[in-house]
Amino acid sequence: MLFNSFEFLLFFPVMIIGFYVLPHKNRWLWLLLGSYFFYMIHEPELLILLLTSTIVDYFCALKMVHANSLMRRLYLFISIVVNIGILFVFKYLSFFTTSIESLFSFFNLSINREQVGGYNFKQILLPVGISFYTFQTLSYSIDVYRGKILPEKHFGVFALYVSFFPQLVAGPIERASRLIPQLKKEISIHLPNLKKGLIMIAWGFFLKVVVADRLGVYVDAAFEDPEFNHGIPLFIGSFFFAFQIYYDFSAYTSIAIGTAKTMGFDLVQNFNKPYFATSISEFWKRWHISLMEWLKDYVFIPLGGSRGSKLKVVRNVLILFFIVGLWHGANWTFVIWGVLNAILLILEFSTNNIRKLIFKALKLPKTLIRMLGWCALVICLSIPLIFFRSPSATDAILYFKSMINITGLHINILNNYFELILSFVFIIGVQTIHYFKGNDKIHELVTNKSKPLRWSIYMSYIVIIVLFAINRQNTFIYFQF
Amino acid sequence: MKNFIYKIIIFCTILASTYAFFVDKLSKEYVDPYYNKFSQKASGLILGLSRASEGVSPSIIEEELSSGQFENPMVNFAMNTVQSSYGEIYLDGIKQKLKSNSKNGIFIVAISPGSFTAPSGMNDENIYNMDKEGIIGKIDNFTSAPNYSYIINTYPQPLYNALHDFDKWEHHTPHPNGWNEITQNGRFNKIRESDIDHWKSLTIRYYKRKIKKEQFSNYRLNHFIKTIQYLKTIGNVFIVRLPADNDIIKIENDLWKGFDKQFDSISKQYSVEFLNYSSLGSDYKTYDGSHMLSASAKKFSKLLGKDIKNSLVERNEYGN
């Protein structure tokens, strides 16, 4: 179910009312049934995969507690193989077979499809949110194995942890140590939570339908035909995409956090003003925080992290971002995007001292340096994102080639200057709000204000949403991952 | 808590009322080039892509066939490759567009290779799903004025357009019968010959890009046949290939060798007339190589009406 659908408009109040009306002991069941309904409404068969992950991890974790070291490893191995196996088959198998075929054809060798069963793996449907819930449930198994948490005995509560509807399909990726205790805690109706939650939801809808989807119109036009829209429009297209993907994902996260908050649950923040970072490394600490923290804890640190020789650190960073890229999608474009970010990060580390010396010599004011940093960051990040957005690496290279082919000053590929200006105005507006309120204190724009001011804000919100929303009924970009 | 619920109800009511007000306001103004195609029941239809949407005027056809024998109104229900390529969705839309008791309409089924293509490698199910994302797949009301379902489900622009028609091209006049008329003289500008040359070059470029990414689809051809079979049960069907610039027709014919021949044999197989005007490009003026300007569209519609009449007379189905 989409957050920006009429179905959710009905589903959400029913869930909230049911949650508060029911006694605490039955709430887990209500939320679990609601979460499964939310997930399977359009494709019921997807529930089988979710249930498989849930059942395997529940029993493996329980068995780990009393098992000896070898058996603990075995149960962890089973959990990892099942989860990664499902993820591989449903997300990466088609990509893997296509890549092997391409490799073979490069060496003038061909694979006879009949010999491999003649099956076209492209027909496998990618289950929504599979990367998110797989990582969430894997973290549970690993944490139990490491002895960081005890296994959850209540199957229903554990199943709810895996499938909790606000964050099931696009995160934030929650840790069991944070979410399970909240799911078990008795929650009574708390007006400030309801208000905060609803404001977060409203903000998320504004970000999605007014800002992200508006930028998406220009981005789609730019990427649709890069050969034709050469030069400046393509610069604007890649710049807009950097903000479109941020606002789109941030919108989903706001709605997810807000929805959970109305029921008294606190989900982890996924963003912390990422485009106000002044370095690539800082950006990655502020962007998709729940995924990056997951990868840090379960991949980067076990690999050795940033300790050891420079070469080892470079290797670890490359592996980390290779996984980041691959996690996003089964396509070389995502892998290239990830690796390019790793290269940027490595370049940043290796030029740290030189840059410091240059800034010192230039005697630039700190504010100016910070502002230059923001601009440089957006430019640096929007370049690899061209690979992220393009359907293939060839298309991305064509985009680059066309981008540097600047002839003339034609910037408006939509023939609508008003919309173009409006897009810039909304970016500046949202960034200003984020600068002062961050991603997590948006509710402060409304709460603690006088009644007339509050209602003026509500009325302005209504007018903006009604008049400026783009009705594209788009799914969120991160749904596909 | 009570207070809070009242406030929520007030907020939602104001939000819904404001939205309803602007949707209603927009429905009284210019919506988009396709809105008028969904605001009346029809007995006869003009089907196909944008070339037919802009190139055939239903009122002129009605005028030419004014014996009172055929049921009216005729509506131009042709749109573009995304919205109205032949398929299950378009056929369902056609069925919903027609009056339930319609028995003797005229159906002009326009064809060009573009009506029969789909993205390379896409299977039938995915073509169906792709079509479902278009206007016809999204709405549940094809015949009312105002058509709120159309605006709520498919209007992709911001509703501030209800305050001013920012989005309307000055050369475009949408008619209530679905014909999209393109005039050379706009309110402020005139389409110059240099514009036409430029737009024609863009059309050729668009075709070349499309050729790379699309392929012929059996699904579309099968549903085209299903469409004419269905329409034959409720009226007279004419397969029509419209004129366009000679260079454009050449690209189409190179892309699909024997296109005319194939459709000639389909027309014979299903006993419907095939009227082919693709070689008359030099008689009609387009603004981009593909779509006729108003004067040419009117001239062509008149010719088409006459040819349909002659064909019906020959078959003793006119005026008897």
# chains A, B, ... in the order shown; residues from 1 in each chain; ligands from 1
>>> interface_residues(of="chain A", to="chain B", cutoff="6 Å", atoms="only C-alpha atoms", output="list of chain:residue names")
A:Ile462, A:Val466, A:Leu467, A:Phe468, A:Ala469, A:Ile470, A:Asn471, A:Arg472
>>> write_last_selection(atoms="N, CA and C atoms", output="JSON list (two decimals), in the first residue's frame")
[["chain", "number", "residue", "atom", "x", "y", "z"],
["A", 462, "ILE", "N", -2.95, 24.05, 3.51],
["A", 462, "ILE", "CA", -4.04, 23.54, 2.66],
["A", 462, "ILE", "C", -3.96, 24.14, 1.27],
["A", 466, "VAL", "N", -3.20, 21.96, -2.05],
["A", 466, "VAL", "CA", -4.25, 21.85, -3.08],
["A", 466, "VAL", "C", -3.79, 22.46, -4.40],
["A", 467, "LEU", "N", -3.18, 23.63, -4.34],
["A", 467, "LEU", "CA", -2.86, 24.31, -5.59],
["A", 467, "LEU", "C", -1.54, 23.87, -6.23],
["A", 468, "PHE", "N", -0.60, 23.45, -5.42],
["A", 468, "PHE", "CA", 0.73, 23.19, -5.98],
["A", 468, "PHE", "C", 1.14, 21.72, -6.06],
["A", 469, "ALA", "N", 0.30, 20.83, -5.54],
["A", 469, "ALA", "CA", 0.65, 19.40, -5.60],
["A", 469, "ALA", "C", 0.67, 18.94, -7.04],
["A", 470, "ILE", "N", 1.61, 18.04, -7.32],
["A", 470, "ILE", "CA", 1.68, 17.42, -8.64],
["A", 470, "ILE", "C", 1.02, 16.05, -8.49],
["A", 471, "ASN", "N", -0.04, 15.85, -9.26],
["A", 471, "ASN", "CA", -0.81, 14.62, -9.10],
["A", 471, "ASN", "C", -0.25, 13.51, -10.00],
["A", 472, "ARG", "N", 0.94, 13.00, -9.65],
["A", 472, "ARG", "CA", 1.53, 11.96, -10.51],
["A", 472, "ARG", "C", 1.28, 10.56, -9.95]]
>>> select_by_dssp(residues="range 86-155 of chain B", states="strand (DSSP E or B)", output="PDB file with N, CA and C atoms, in the first residue's frame")
ATOM      1  N   LEU B  98     -19.050   4.089 -25.556  1.00  0.00           N
ATOM      2  CA  LEU B  98     -20.199   4.016 -26.468  1.00  0.00           C
ATOM      3  C   LEU B  98     -21.528   3.890 -25.728  1.00  0.00           C
ATOM      4  N   GLY B 105     -23.216   2.992 -35.780  1.00  0.00           N
ATOM      5  CA  GLY B 105     -22.293   4.123 -35.760  1.00  0.00           C
ATOM      6  C   GLY B 105     -21.249   4.006 -36.857  1.00  0.00           C
ATOM      7  N   ILE B 106     -20.498   5.077 -37.014  1.00  0.00           N
ATOM      8  CA  ILE B 106     -19.373   5.047 -37.953  1.00  0.00           C
ATOM      9  C   ILE B 106     -18.089   5.032 -37.113  1.00  0.00           C
ATOM     10  N   PHE B 107     -17.200   4.137 -37.437  1.00  0.00           N
ATOM     11  CA  PHE B 107     -15.964   4.020 -36.662  1.00  0.00           C
ATOM     12  C   PHE B 107     -14.746   4.155 -37.566  1.00  0.00           C
ATOM     13  N   ILE B 108     -13.988   5.216 -37.323  1.00  0.00           N
ATOM     14  CA  ILE B 108     -12.776   5.452 -38.108  1.00  0.00           C
ATOM     15  C   ILE B 108     -11.597   4.985 -37.256  1.00  0.00           C
ATOM     16  N   VAL B 109     -10.980   3.917 -37.689  1.00  0.00           N
ATOM     17  CA  VAL B 109      -9.907   3.311 -36.893  1.00  0.00           C
ATOM     18  C   VAL B 109      -8.575   3.647 -37.578  1.00  0.00           C
ATOM     19  N   ALA B 110      -7.916   4.672 -37.050  1.00  0.00           N
ATOM     20  CA  ALA B 110      -6.678   5.138 -37.693  1.00  0.00           C
ATOM     21  C   ALA B 110      -5.511   4.233 -37.321  1.00  0.00           C
ATOM     22  N   THR B 117       3.377  -0.759 -31.478  1.00  0.00           N
ATOM     23  CA  THR B 117       4.686  -1.036 -30.874  1.00  0.00           C
ATOM     24  C   THR B 117       4.601  -1.011 -29.346  1.00  0.00           C
ATOM     25  N   ALA B 118       5.589  -1.622 -28.736  1.00  0.00           N
ATOM     26  CA  ALA B 118       5.726  -1.611 -27.277  1.00  0.00           C
ATOM     27  C   ALA B 118       7.219  -1.677 -26.973  1.00  0.00           C
ATOM     28  N   PRO B 119       7.633  -1.264 -25.760  1.00  0.00           N
ATOM     29  CA  PRO B 119       9.056  -1.321 -25.434  1.00  0.00           C
ATOM     30  C   PRO B 119       9.648  -2.717 -25.684  1.00  0.00           C
ATOM     31  N   THR B 143     -17.803   9.427 -19.650  1.00  0.00           N
ATOM     32  CA  THR B 143     -18.874  10.091 -20.404  1.00  0.00           C
ATOM     33  C   THR B 143     -19.554  11.267 -19.711  1.00  0.00           C
TER      34      THR B 143
END
>>> atom_distance(atom1="CA of Lys449 in chain A", atom2="CA of Lys437 in chain A")
14.8 Å
>>> residues_around(residues="range 236-245 of chain A", least_positions_apart="5", cutoff="6 Å", atoms="only C-alpha atoms", output="PyMOL selection string")
chain A and resi 212+215+219+222+382
>>> write_last_selection(atoms="C-alpha atoms", output="compact mmCIF listing (two decimals), in the first residue's frame")
# COMPACT_ATOMS: atom_id res chain seq x y z
CA ALA A 212 9.87 15.82 -4.92
CA LEU A 215 11.40 18.13 -9.37
CA VAL A 219 14.32 15.19 -14.00
CA ALA A 222 16.11 15.56 -18.74
CA SER A 382 24.97 14.86 -8.15
>>> closest_residue(among="A:Phe90, A:Tyr218, A:Phe96, A:Trp332", to="Leu420 in chain A", atoms="only C-alpha atoms")
A:Tyr218
>>> closest_residue(among="A:Ala176, A:Tyr58, A:Thr137, A:Arg72", to="Phe155 in chain A", atoms="only C-alpha atoms")
A:Tyr58
>>> closest_residue(among="A:Phe3, A:Phe276, A:Trp337, A:Phe349", to="Val313 in chain A", atoms="only C-alpha atoms")
A:Phe349
>>> select_by_dssp(residues="range 17-204 of chain B", states="alpha helix (DSSP H)", output="PyMOL selection string")
chain B and resi 17-27+50-55+58-64+81-84+88-97+124-132+135-138+148-154+193-204
